[in-house]
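So this block is target_10.txt, compact mmCIF, C-alpha atoms:
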```txt
# COMPACT_ATOMS: atom_id res chain seq x y z
CA MET A 1 -16.00 42.09 -32.88
CA ARG A 2 -15.33 39.44 -30.22
CA ILE A 3 -14.66 36.05 -31.89
CA LEU A 4 -15.31 32.59 -30.51
CA TYR A 5 -13.36 29.84 -32.27
CA GLN A 6 -15.41 26.71 -31.76
CA LEU A 7 -16.94 23.53 -33.14
CA PRO A 8 -20.72 23.13 -33.23
CA LEU A 9 -20.79 19.82 -31.30
CA SER A 10 -17.98 20.62 -28.84
CA PRO A 11 -19.63 20.65 -25.37
CA THR A 12 -17.15 23.14 -23.91
CA SER A 13 -17.70 25.45 -26.92
CA ARG A 14 -21.45 25.18 -26.34
CA LYS A 15 -20.94 26.01 -22.65
CA VAL A 16 -19.08 29.22 -23.56
CA ARG A 17 -21.79 30.15 -26.11
CA LEU A 18 -24.42 29.70 -23.39
CA VAL A 19 -22.42 31.85 -20.95
CA LEU A 20 -22.02 34.62 -23.55
CA GLY A 21 -25.73 34.34 -24.36
CA GLU A 22 -26.86 34.50 -20.71
CA LYS A 23 -24.63 37.54 -20.18
CA ARG A 24 -25.91 39.09 -23.45
CA ILE A 25 -22.36 39.61 -24.71
CA PRO A 26 -22.29 39.82 -28.52
CA PHE A 27 -19.83 37.60 -30.38
CA GLU A 28 -19.13 36.05 -33.75
CA LEU A 29 -18.68 32.34 -34.22
CA ARG A 30 -15.82 30.91 -36.20
CA ALA A 31 -15.71 27.15 -36.80
CA GLU A 32 -12.15 25.89 -36.33
CA ARG A 33 -11.30 22.51 -37.86
CA VAL A 34 -8.88 21.59 -35.10
CA TRP A 35 -7.87 18.36 -36.89
CA GLU A 36 -6.25 20.46 -39.66
CA ARG A 37 -3.84 21.94 -37.08
CA ASN A 38 -3.94 25.36 -38.72
CA GLU A 39 -0.78 27.28 -37.73
CA GLU A 40 -2.55 30.57 -37.13
CA PHE A 41 -4.87 28.83 -34.71
CA LEU A 42 -2.04 26.99 -32.91
CA ALA A 43 -0.43 30.41 -32.36
CA LEU A 44 -3.59 31.44 -30.49
CA ASN A 45 -3.79 28.17 -28.55
CA PRO A 46 -0.81 25.79 -28.57
CA ALA A 47 -3.10 23.09 -27.13
CA GLY A 48 -4.91 23.12 -30.50
CA THR A 49 -8.34 22.87 -28.89
CA VAL A 50 -11.57 24.82 -29.05
CA PRO A 51 -13.06 26.95 -27.60
CA VAL A 52 -10.81 30.01 -27.85
CA LEU A 53 -12.27 33.46 -27.27
CA VAL A 54 -10.55 36.51 -28.74
CA GLU A 55 -11.72 39.70 -27.07
CA GLU A 56 -12.19 43.02 -28.88
CA ASN A 57 -9.06 44.38 -27.14
CA GLY A 58 -7.04 41.47 -28.54
CA LEU A 59 -6.91 39.37 -25.34
CA VAL A 60 -6.70 35.71 -26.35
CA LEU A 61 -8.46 33.26 -24.03
CA PRO A 62 -7.95 29.54 -24.69
CA ASP A 63 -9.70 26.82 -22.67
CA SER A 64 -13.30 26.88 -21.47
CA TYR A 65 -12.32 26.96 -17.78
CA ALA A 66 -10.17 30.08 -18.30
CA ILE A 67 -12.85 31.65 -20.55
CA CYS A 68 -15.79 31.09 -18.17
CA GLU A 69 -13.90 32.33 -15.09
CA TYR A 70 -12.75 35.36 -17.11
CA LEU A 71 -16.26 36.16 -18.33
CA ASP A 72 -17.63 36.11 -14.77
CA GLU A 73 -14.84 38.43 -13.61
CA ALA A 74 -14.95 40.80 -16.59
CA TYR A 75 -18.76 40.93 -17.00
CA PRO A 76 -20.18 40.49 -13.48
CA GLU A 77 -23.66 41.98 -14.18
CA VAL A 78 -25.07 38.48 -14.71
CA GLN A 79 -23.20 36.21 -12.27
CA LEU A 80 -23.00 32.53 -13.12
CA LEU A 81 -20.58 31.23 -10.46
CA GLY A 82 -22.65 31.93 -7.33
CA ARG A 83 -22.22 34.57 -4.63
CA THR A 84 -20.98 32.99 -1.37
CA LEU A 85 -17.83 30.89 -1.11
CA GLY A 86 -20.01 27.80 -0.52
CA GLU A 87 -22.22 28.47 -3.55
CA ARG A 88 -19.19 29.04 -5.75
CA ALA A 89 -17.58 25.79 -4.58
CA GLU A 90 -20.77 23.88 -5.43
CA VAL A 91 -21.05 25.46 -8.90
CA ARG A 92 -17.42 24.62 -9.63
CA ARG A 93 -17.74 21.08 -8.25
CA LEU A 94 -20.57 20.45 -10.71
CA VAL A 95 -18.77 22.10 -13.63
CA ALA A 96 -15.86 19.73 -12.91
CA TRP A 97 -18.39 16.87 -12.64
CA PHE A 98 -19.81 17.49 -16.12
CA ASP A 99 -16.64 18.63 -17.92
CA GLY A 100 -14.57 15.95 -16.15
CA LYS A 101 -16.45 12.88 -14.97
CA PHE A 102 -19.47 13.07 -17.30
CA ALA A 103 -17.20 13.92 -20.25
CA ARG A 104 -14.94 10.90 -19.60
CA GLU A 105 -17.72 8.43 -18.78
CA VAL A 106 -20.37 9.50 -21.30
CA THR A 107 -19.46 12.20 -23.84
CA ASP A 108 -16.04 10.83 -24.82
CA ASN A 109 -17.49 7.35 -25.24
CA LEU A 110 -20.30 8.53 -27.52
CA LEU A 111 -19.56 11.85 -29.21
CA TYR A 112 -15.82 11.33 -29.50
CA GLU A 113 -16.13 7.74 -30.74
CA LYS A 114 -18.95 8.44 -33.20
CA GLN A 115 -18.04 11.89 -34.52
CA MET A 116 -14.59 13.17 -33.60
CA LYS A 117 -12.50 10.03 -34.07
CA ARG A 118 -13.22 9.97 -37.79
CA LEU A 119 -12.48 13.70 -38.19
CA LEU A 120 -9.21 13.36 -36.26
CA GLY A 121 -8.22 10.32 -38.34
CA ARG A 122 -7.96 8.05 -35.30
CA GLY A 123 -9.73 4.99 -36.65
CA ASN A 124 -13.14 3.41 -36.23
CA PRO A 125 -15.52 3.80 -33.30
CA ASP A 126 -14.89 1.31 -30.49
CA ALA A 127 -18.11 -0.64 -29.86
CA GLY A 128 -17.11 -1.34 -26.25
CA ALA A 129 -16.65 2.37 -25.57
CA ILE A 130 -20.07 3.14 -27.09
CA ARG A 131 -21.73 0.47 -24.93
CA ALA A 132 -19.99 1.92 -21.84
CA GLY A 133 -21.20 5.41 -22.78
CA TYR A 134 -24.83 4.29 -22.96
CA ALA A 135 -24.50 2.33 -19.71
CA ASN A 136 -22.99 5.34 -17.91
CA LEU A 137 -25.66 7.74 -19.19
CA LYS A 138 -28.42 6.33 -16.96
CA PRO A 139 -26.73 6.89 -13.54
CA HIS A 140 -25.61 10.32 -14.69
CA LEU A 141 -29.15 11.31 -15.73
CA ASP A 142 -30.38 9.97 -12.38
CA TYR A 143 -27.88 12.14 -10.49
CA LEU A 144 -28.80 15.18 -12.60
CA GLY A 145 -32.50 14.45 -12.03
CA TRP A 146 -31.93 14.15 -8.28
CA LEU A 147 -30.16 17.53 -8.22
CA ALA A 148 -32.96 19.08 -10.31
CA GLU A 149 -35.63 17.69 -7.97
CA THR A 150 -34.00 18.82 -4.72
CA ARG A 151 -32.95 22.29 -5.93
CA ILE A 152 -34.34 24.99 -8.21
CA TRP A 153 -31.32 24.80 -10.52
CA LEU A 154 -28.55 22.19 -10.42
CA ALA A 155 -26.24 24.03 -8.00
CA GLY A 156 -28.88 25.87 -5.96
CA ASN A 157 -31.43 28.66 -6.22
CA THR A 158 -30.12 30.38 -9.33
CA LEU A 159 -29.13 29.34 -12.81
CA SER A 160 -25.35 28.83 -12.86
CA LEU A 161 -22.44 27.63 -14.92
CA ALA A 162 -23.25 24.14 -13.60
CA ASP A 163 -26.55 24.13 -15.55
CA LEU A 164 -24.83 25.48 -18.66
CA ALA A 165 -22.03 22.89 -18.49
CA ALA A 166 -24.54 20.05 -18.09
CA ALA A 167 -26.83 21.38 -20.83
CA ALA A 168 -23.87 21.79 -23.18
CA HIS A 169 -22.95 18.09 -22.91
CA LEU A 170 -26.54 16.87 -23.09
CA SER A 171 -27.43 19.08 -26.07
CA ALA A 172 -24.44 17.83 -28.07
CA LEU A 173 -25.37 14.21 -27.29
CA ASP A 174 -29.04 14.95 -28.04
CA TYR A 175 -28.00 16.27 -31.47
CA ILE A 176 -26.52 12.88 -32.37
CA GLY A 177 -29.65 11.16 -31.00
CA ASP A 178 -27.92 9.61 -27.98
CA ILE A 179 -30.10 10.87 -25.13
CA ASP A 180 -33.06 8.71 -24.15
CA TRP A 181 -35.12 11.29 -22.26
CA SER A 182 -37.48 8.61 -20.93
CA LEU A 183 -34.68 7.48 -18.58
CA ASN A 184 -35.35 10.24 -16.04
CA ASP A 185 -38.34 12.60 -15.94
CA ALA A 186 -36.77 15.19 -13.61
CA ALA A 187 -33.71 15.46 -15.86
CA ARG A 188 -36.00 15.88 -18.85
CA ASP A 189 -38.03 18.62 -17.13
CA TRP A 190 -34.85 20.46 -16.18
CA TYR A 191 -33.60 20.20 -19.78
CA ALA A 192 -36.93 21.50 -21.12
CA ARG A 193 -36.57 24.53 -18.83
CA ILE A 194 -33.03 25.35 -19.88
CA LYS A 195 -33.74 24.60 -23.54
CA SER A 196 -36.42 27.30 -23.61
CA ARG A 197 -34.02 30.07 -22.58
CA PRO A 198 -33.15 32.63 -25.29
CA ALA A 199 -29.42 31.83 -24.93
CA PHE A 200 -30.17 28.27 -26.06
CA ARG A 201 -31.81 29.16 -29.40
CA PRO A 202 -28.63 29.48 -31.49
CA LEU A 203 -27.53 25.98 -30.37
CA LEU A 204 -30.86 24.52 -31.44
CA ALA A 205 -30.59 26.19 -34.85
CA ASP A 206 -27.08 24.82 -35.50
CA ARG A 207 -26.66 22.12 -38.13
CA VAL A 208 -23.56 20.01 -38.70
CA SER A 209 -23.00 18.89 -42.27
CA GLY A 210 -23.48 15.13 -42.69
CA THR A 211 -25.37 14.68 -39.40
CA ASN A 212 -29.00 15.67 -38.90
CA PRO A 213 -30.41 15.84 -35.40
CA PRO A 214 -33.49 13.80 -34.42
CA PRO A 215 -36.87 15.61 -34.81
CA HIS A 216 -37.15 16.34 -31.06
CA TYR A 217 -33.74 18.10 -30.93
CA ALA A 218 -35.04 21.66 -31.44
CA ASP A 219 -38.54 20.95 -30.09
CA LEU A 220 -39.19 22.77 -26.81
CA ASP A 221 -42.00 20.28 -25.96
CA PHE A 222 -39.97 17.16 -26.67
CA MET B 1 -8.50 21.31 12.06
CA ARG B 2 -8.85 21.64 8.28
CA ILE B 3 -8.57 18.19 6.64
CA LEU B 4 -7.34 17.33 3.16
CA TYR B 5 -8.45 13.90 1.91
CA GLN B 6 -5.83 12.90 -0.60
CA LEU B 7 -3.51 10.28 -2.04
CA PRO B 8 0.26 10.80 -1.89
CA LEU B 9 0.85 10.34 -5.64
CA SER B 10 -2.30 12.10 -6.86
CA PRO B 11 -1.08 15.15 -8.83
CA THR B 12 -4.18 17.22 -8.08
CA SER B 13 -3.84 16.39 -4.36
CA ARG B 14 -0.21 17.50 -4.54
CA LYS B 15 -1.27 20.73 -6.24
CA VAL B 16 -3.67 21.54 -3.37
CA ARG B 17 -0.99 20.71 -0.78
CA LEU B 18 1.38 23.12 -2.55
CA VAL B 19 -1.30 25.85 -2.63
CA LEU B 20 -2.01 25.39 1.09
CA GLY B 21 1.74 25.41 1.78
CA GLU B 22 2.42 28.57 -0.25
CA LYS B 23 -0.46 30.31 1.53
CA ARG B 24 0.78 29.01 4.90
CA ILE B 25 -2.64 27.55 5.72
CA PRO B 26 -2.35 24.71 8.26
CA PHE B 27 -4.05 21.41 7.43
CA GLU B 28 -4.05 17.73 8.27
CA LEU B 29 -3.61 15.05 5.65
CA ARG B 30 -5.89 12.05 5.47
CA ALA B 31 -5.09 9.34 2.92
CA GLU B 32 -8.33 8.17 1.28
CA ARG B 33 -8.26 4.79 -0.46
CA VAL B 34 -10.70 5.86 -3.16
CA TRP B 35 -10.78 2.34 -4.64
CA GLU B 36 -12.52 1.08 -1.47
CA ARG B 37 -15.45 3.43 -2.20
CA ASN B 38 -15.93 4.23 1.49
CA GLU B 39 -19.50 5.44 2.01
CA GLU B 40 -18.58 8.26 4.38
CA PHE B 41 -16.19 9.60 1.77
CA LEU B 42 -18.74 9.26 -1.06
CA ALA B 43 -21.11 11.37 1.05
CA LEU B 44 -18.45 14.12 1.01
CA ASN B 45 -17.76 13.73 -2.70
CA PRO B 46 -20.13 11.64 -4.85
CA ALA B 47 -17.49 11.65 -7.60
CA GLY B 48 -15.39 9.46 -5.29
CA THR B 49 -12.16 11.29 -6.12
CA VAL B 50 -9.43 13.04 -4.15
CA PRO B 51 -8.60 15.76 -3.26
CA VAL B 52 -11.43 16.89 -0.98
CA LEU B 53 -10.82 19.71 1.48
CA VAL B 54 -13.01 20.01 4.58
CA GLU B 55 -12.74 23.45 6.13
CA GLU B 56 -12.81 24.13 9.88
CA ASN B 57 -16.32 25.60 9.51
CA GLY B 58 -17.50 22.34 7.90
CA LEU B 59 -17.52 23.54 4.29
CA VAL B 60 -16.81 20.54 2.06
CA LEU B 61 -14.83 21.26 -1.09
CA PRO B 62 -14.42 18.42 -3.59
CA ASP B 63 -12.36 18.74 -6.79
CA SER B 64 -9.01 20.50 -7.12
CA TYR B 65 -10.36 23.18 -9.47
CA ALA B 66 -13.06 24.18 -6.96
CA ILE B 67 -10.58 23.96 -4.05
CA CYS B 68 -7.86 26.10 -5.65
CA GLU B 69 -10.29 28.80 -6.82
CA TYR B 70 -11.85 28.79 -3.34
CA LEU B 71 -8.49 29.10 -1.59
CA ASP B 72 -7.53 32.11 -3.70
CA GLU B 73 -10.87 33.79 -2.93
CA ALA B 74 -10.95 32.90 0.79
CA TYR B 75 -7.24 33.51 1.55
CA PRO B 76 -6.14 36.28 -0.84
CA GLU B 77 -3.02 37.39 1.10
CA VAL B 78 -0.83 35.22 -1.12
CA GLN B 79 -2.41 35.33 -4.60
CA LEU B 80 -1.70 32.44 -6.93
CA LEU B 81 -4.05 33.20 -9.84
CA GLY B 82 -2.53 36.49 -11.04
CA ARG B 83 -3.83 40.05 -10.74
CA THR B 84 -5.00 41.37 -14.13
CA LEU B 85 -7.63 39.62 -16.25
CA GLY B 86 -4.91 38.73 -18.76
CA GLU B 87 -2.58 37.27 -16.13
CA ARG B 88 -5.42 35.24 -14.64
CA ALA B 89 -6.39 33.86 -18.06
CA GLU B 90 -2.79 32.77 -18.67
CA VAL B 91 -2.50 31.08 -15.25
CA ARG B 92 -5.78 29.21 -15.83
CA ARG B 93 -4.82 28.26 -19.39
CA LEU B 94 -1.67 26.60 -18.05
CA VAL B 95 -3.48 24.93 -15.14
CA ALA B 96 -5.85 23.43 -17.73
CA TRP B 97 -2.81 22.49 -19.84
CA PHE B 98 -1.21 20.48 -17.03
CA ASP B 99 -4.33 19.06 -15.37
CA GLY B 100 -5.95 18.39 -18.76
CA LYS B 101 -3.59 17.89 -21.68
CA PHE B 102 -0.45 16.86 -19.75
CA ALA B 103 -2.53 14.58 -17.50
CA ARG B 104 -4.12 12.80 -20.48
CA GLU B 105 -0.98 12.58 -22.60
CA VAL B 106 1.63 11.84 -19.94
CA THR B 107 0.44 11.29 -16.34
CA ASP B 108 -2.48 8.97 -17.16
CA ASN B 109 -0.26 6.88 -19.43
CA LEU B 110 2.43 6.44 -16.81
CA LEU B 111 1.18 6.95 -13.25
CA TYR B 112 -2.30 5.58 -13.87
CA GLU B 113 -1.09 2.55 -15.83
CA LYS B 114 1.76 1.68 -13.46
CA GLN B 115 0.26 2.52 -10.05
CA MET B 116 -3.46 3.25 -10.00
CA LYS B 117 -4.75 0.56 -12.35
CA ARG B 118 -3.64 -2.21 -9.99
CA LEU B 119 -5.13 -0.46 -6.96
CA LEU B 120 -8.43 0.12 -8.78
CA GLY B 121 -8.48 -3.53 -9.93
CA ARG B 122 -8.58 -2.58 -13.60
CA GLY B 123 -6.03 -5.07 -14.91
CA ASN B 124 -2.43 -4.92 -16.06
CA PRO B 125 -0.53 -1.90 -17.34
CA ASP B 126 -0.91 -1.33 -21.08
CA ALA B 127 2.58 -1.31 -22.65
CA GLY B 128 1.37 0.85 -25.55
CA ALA B 129 0.05 3.49 -23.16
CA ILE B 130 3.33 3.53 -21.25
CA ARG B 131 5.31 3.98 -24.50
CA ALA B 132 2.98 6.83 -25.49
CA GLY B 133 3.47 8.45 -22.08
CA TYR B 134 7.27 8.46 -22.44
CA ALA B 135 7.04 9.72 -26.03
CA ASN B 136 4.73 12.57 -24.98
CA LEU B 137 6.92 13.59 -22.05
CA LYS B 138 9.67 15.07 -24.24
CA PRO B 139 7.56 17.68 -26.13
CA HIS B 140 5.83 18.59 -22.86
CA LEU B 141 9.17 19.15 -21.07
CA ASP B 142 10.29 21.21 -24.08
CA TYR B 143 7.18 23.40 -23.85
CA LEU B 144 7.64 23.79 -20.09
CA GLY B 145 11.33 24.60 -20.62
CA TRP B 146 10.44 27.19 -23.26
CA LEU B 147 7.99 28.87 -20.85
CA ALA B 148 10.59 28.78 -18.06
CA GLU B 149 13.23 30.37 -20.31
CA THR B 150 11.05 33.18 -21.63
CA ARG B 151 9.41 34.08 -18.30
CA ILE B 152 10.41 34.23 -14.65
CA TRP B 153 7.79 31.67 -13.67
CA LEU B 154 5.64 29.59 -16.05
CA ALA B 155 2.75 32.05 -16.37
CA GLY B 156 4.69 35.30 -15.95
CA ASN B 157 6.58 37.33 -13.36
CA THR B 158 5.26 35.65 -10.23
CA LEU B 159 4.90 32.12 -8.95
CA SER B 160 1.35 30.96 -9.71
CA LEU B 161 -0.98 28.01 -9.65
CA ALA B 162 0.42 27.14 -13.10
CA ASP B 163 3.82 26.35 -11.55
CA LEU B 164 2.21 24.36 -8.75
CA ALA B 165 0.03 22.33 -11.14
CA ALA B 166 3.04 21.51 -13.33
CA ALA B 167 5.26 20.68 -10.34
CA ALA B 168 2.55 18.45 -8.87
CA HIS B 169 2.43 16.25 -12.00
CA LEU B 170 6.20 16.19 -12.45
CA SER B 171 6.89 15.39 -8.78
CA ALA B 172 4.49 12.44 -8.82
CA LEU B 173 6.09 11.10 -12.01
CA ASP B 174 9.56 11.77 -10.58
CA TYR B 175 8.64 9.67 -7.54
CA ILE B 176 8.05 6.62 -9.75
CA GLY B 177 11.30 7.36 -11.60
CA ASP B 178 9.65 8.38 -14.87
CA ILE B 179 11.18 11.82 -15.46
CA ASP B 180 14.41 11.93 -17.43
CA TRP B 181 15.65 15.39 -16.41
CA SER B 182 18.39 15.34 -19.05
CA LEU B 183 15.66 15.87 -21.67
CA ASN B 184 15.42 19.62 -21.06
CA ASP B 185 17.82 21.77 -18.99
CA ALA B 186 15.47 24.75 -18.61
CA ALA B 187 12.69 22.51 -17.31
CA ARG B 188 15.14 20.93 -14.87
CA ASP B 189 16.35 24.35 -13.63
CA TRP B 190 12.75 25.48 -13.13
CA TYR B 191 11.97 22.27 -11.21
CA ALA B 192 15.07 22.74 -9.01
CA ARG B 193 13.81 26.24 -8.13
CA ILE B 194 10.31 25.12 -7.21
CA LYS B 195 11.55 22.01 -5.42
CA SER B 196 13.58 24.14 -3.02
CA ARG B 197 10.53 26.07 -1.76
CA PRO B 198 9.42 25.31 1.82
CA ALA B 199 5.93 24.29 0.58
CA PHE B 200 7.55 21.46 -1.38
CA ARG B 201 9.30 19.77 1.55
CA PRO B 202 6.37 17.64 2.78
CA LEU B 203 5.97 16.19 -0.74
CA LEU B 204 9.62 15.22 -0.87
CA ALA B 205 9.34 13.52 2.54
CA ASP B 206 6.31 11.41 1.50
CA ARG B 207 6.77 7.70 1.01
CA VAL B 208 4.28 5.30 -0.60
CA SER B 209 4.38 1.76 0.71
CA GLY B 210 5.68 -0.68 -1.88
CA THR B 211 7.28 1.99 -4.09
CA ASN B 212 10.53 3.75 -3.27
CA PRO B 213 11.49 6.88 -5.18
CA PRO B 214 14.82 7.10 -7.04
CA PRO B 215 17.73 8.63 -5.03
CA HIS B 216 17.47 12.03 -6.78
CA TYR B 217 13.74 12.43 -5.86
CA ALA B 218 14.29 14.42 -2.65
CA ASP B 219 17.69 15.82 -3.65
CA LEU B 220 17.58 19.58 -4.25
CA ASP B 221 20.76 19.37 -6.39
CA PHE B 222 19.55 16.52 -8.57
```
Go through the file and emit its structure as structure tokens.
Amino acid sequence: MRILYQLPLSPTSRKVRLVLGEKRIPFELRAERVWERNEEFLALNPAGTVPVLVEENGLVLPDSYAICEYLDEAYPEVQLLGRTLGERAEVRRLVAWFDGKFAREVTDNLLYEKQMKRLLGRGNPDAGAIRAGYANLKPHLDYLGWLAETRIWLAGNTLSLADLAAAAHLSALDYIGDIDWSLNDAARDWYARIKSRPAFRPLLADRVSGTNPPPHYADLDF
Amino acid sequence: MRILYQLPLSPTSRKVRLVLGEKRIPFELRAERVWERNEEFLALNPAGTVPVLVEENGLVLPDSYAICEYLDEAYPEVQLLGRTLGERAEVRRLVAWFDGKFAREVTDNLLYEKQMKRLLGRGNPDAGAIRAGYANLKPHLDYLGWLAETRIWLAGNTLSLADLAAAAHLSALDYIGDIDWSLNDAARDWYARIKSRPAFRPLLADRVSGTNPPPHYADLDF
């Protein structure tokens, strides 16, 4: 069976789970405690990061960018990167926006400071970083809401990897109670739509030991 | 004419210039002072970052990931992402390694602290970050050297985007005098090979006002 090495709150792991789910590709999850720097895992991915996908034929795919591009090439029945060159550029621009800019300005300041830093043994959360994360969330939700209001899905007329990348970050932050959905109604409506997709259910059922999500986390009418 | 908005020491801008050069696609350079947050430029790319490629047909492509994937799809005569699914995964893994891990652990600690921070008005260089950047350079050059010794090019038998991503970071750091090439002979030999390619020449001719490169920067027998 295909194996996805991952961590339940890792946004890029969640993105790959959503891609596999949308494409209806079966897989098994394996939680990898990256902070233990397990040698067998480092042999699969010298970067020591999740996600890593190991295909049934033995092909090892580290890094969510490499995995998602691979999945769209190897399993093209459900396409998530767009059809025309222009559509594909817009999907990828937004994937880079969420996995790059949003990750640095919001996710790293909240999820990394509050959850990962302790696990990685890198000291206490930095209060300034957490304040910056909350301050940056509002303009990002406004941009996401603007995209959701002017288009059917974030990158255009069809659901794409851009929606899955954004939903992956927001769902991980929502789990730790850090998304104030009253900040932007259009963003909230978009999230309610994507949250109700079958591919999303396993993420909503996930529980991380020591951290319980807020009551609205798995609620489709939040 | 096709226009590339860029900054001369931006590694991802350099990567796109190398891709365009290897594919022999003509383009004009336009330096974009991203720290001025020019409104016309923000309309092209709301993330406010370089590189941004504007095609002759008006298609606007922000973000180096979106640009490089686009260029390989739109101009496939010279392929830089590999042919088989496995080759393509390895190229993309290494692109993510250099633009992600290497950027965070080395480039951001050196180039960002020494050059960009002042331009962006974000204060003085952090001496601890600069020390960390130098300390991280050695294991990264060793990994690059190991790849270069066990393969013809970094990702396999042919020159790929992985080589161009790595060379883009190293050439920008070499410009500010931060690469000690005596650290790893195989990495140095690989860099000498890539530096002698015609696509590299414009990068070696670039000069940034206020910062002169060390004498070996443009020397092919450094």
Compile a residue-level contact table for chain A against chain B at a cut-off of 6 Å, reporting for every qualifying residue the shortest atom pair and its distance in Å to one decimal, with all atoms listed in the file counted, rows ordered by chain and ascending number, as CSV.
```
residue,atom,partner,partner_atom,distance
A:Ala66,CA,B:Arg92,CA,5.1
A:Ala89,CA,B:Ala66,CA,5.4
A:Arg92,CA,B:Ala66,CA,5.1
A:Arg93,CA,B:Ala66,CA,5.8
```
Surrounding residues of A:Arg188 excluding itself and chain neighbours under 3 positions, 12 Å, only C-alpha atoms, as a PyMOL selection string: chain A and resi 141-142+144-146+148-149+167+170-171+174+179-185+191-195+220-222
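Minimum atom-to-atom distances from B:Trp153, B:Phe41, B:Tyr217, B:Phe200 to B:Leu18 were compared using only C-alpha atoms, and the lowest value belongs to B:Phe200.
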One-decimal distance in Å that lies between atom CA of A:His140 and atom CA of A:Val52: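 Distance reported for this atom pair: 27.9 Å.
Among the candidate residues B:Leu159, B:Ala186, B:Ala199, B:Val50, the one lying nearest to B:Arg37 is B:Val50, with distances computed using all atoms listed in the file.
Taking all atoms listed in the file into account, A:Ala168 lies nearest to A:Phe102 out of the set A:Phe102, A:Phe27, A:Tyr5, A:Tyr75.
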Point-to-point distance in Å for atom CA of B:Gly177 and atom CA of B:Ser13: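 Computing the Euclidean distance for atom CA of B:Ser13 and atom CA of B:Gly177 yields 19.1 Å.
Between atom CA of A:Val19 and atom CA of A:Pro76 the separation is 11.6 Å.
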Among the residues A:Leu154, A:Val106, A:Leu119, A:Leu29, the one that comes closest to A:Ala132 [using only C-alpha atoms]: A:Val106
Identify the residues within 10 Å of coordinate (-0.6, 13.7, -16.4) (same frame as the file), considering only C-alpha atoms, and give the answer as a PDB file with C-alpha atoms, keeping the file's coordinate frame.
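This is the output file result22.pdb:
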```pdb
ATOM      1  CA  SER B  10      -2.300  12.100  -6.860  1.00  0.00           C
ATOM      2  CA  PRO B  11      -1.080  15.150  -8.830  1.00  0.00           C
ATOM      3  CA  THR B  12      -4.180  17.220  -8.080  1.00  0.00           C
ATOM      4  CA  TRP B  97      -2.810  22.490 -19.840  1.00  0.00           C
ATOM      5  CA  PHE B  98      -1.210  20.480 -17.030  1.00  0.00           C
ATOM      6  CA  ASP B  99      -4.330  19.060 -15.370  1.00  0.00           C
ATOM      7  CA  GLY B 100      -5.950  18.390 -18.760  1.00  0.00           C
ATOM      8  CA  LYS B 101      -3.590  17.890 -21.680  1.00  0.00           C
ATOM      9  CA  PHE B 102      -0.450  16.860 -19.750  1.00  0.00           C
ATOM     10  CA  ALA B 103      -2.530  14.580 -17.500  1.00  0.00           C
ATOM     11  CA  ARG B 104      -4.120  12.800 -20.480  1.00  0.00           C
ATOM     12  CA  GLU B 105      -0.980  12.580 -22.600  1.00  0.00           C
ATOM     13  CA  VAL B 106       1.630  11.840 -19.940  1.00  0.00           C
ATOM     14  CA  THR B 107       0.440  11.290 -16.340  1.00  0.00           C
ATOM     15  CA  ASP B 108      -2.480   8.970 -17.160  1.00  0.00           C
ATOM     16  CA  ASN B 109      -0.260   6.880 -19.430  1.00  0.00           C
ATOM     17  CA  LEU B 110       2.430   6.440 -16.810  1.00  0.00           C
ATOM     18  CA  LEU B 111       1.180   6.950 -13.250  1.00  0.00           C
ATOM     19  CA  TYR B 112      -2.300   5.580 -13.870  1.00  0.00           C
ATOM     20  CA  GLY B 133       3.470   8.450 -22.080  1.00  0.00           C
ATOM     21  CA  LEU B 137       6.920  13.590 -22.050  1.00  0.00           C
ATOM     22  CA  ALA B 166       3.040  21.510 -13.330  1.00  0.00           C
ATOM     23  CA  ALA B 168       2.550  18.450  -8.870  1.00  0.00           C
ATOM     24  CA  HIS B 169       2.430  16.250 -12.000  1.00  0.00           C
ATOM     25  CA  LEU B 170       6.200  16.190 -12.450  1.00  0.00           C
ATOM     26  CA  ALA B 172       4.490  12.440  -8.820  1.00  0.00           C
ATOM     27  CA  LEU B 173       6.090  11.100 -12.010  1.00  0.00           C
TER      28      LEU B 173
END
```
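Comparing B:Ala43, B:Ala187, B:Ala31, B:Leu120 by their smallest distance to B:Pro139, the closest is B:Ala187 (using only C-alpha atoms).
You can rank B:Arg2, B:Ser196, B:Arg83, B:Gly121 by their closest distance to B:Val34 using all atoms listed in the file, and at the top of that list sits B:Gly121.
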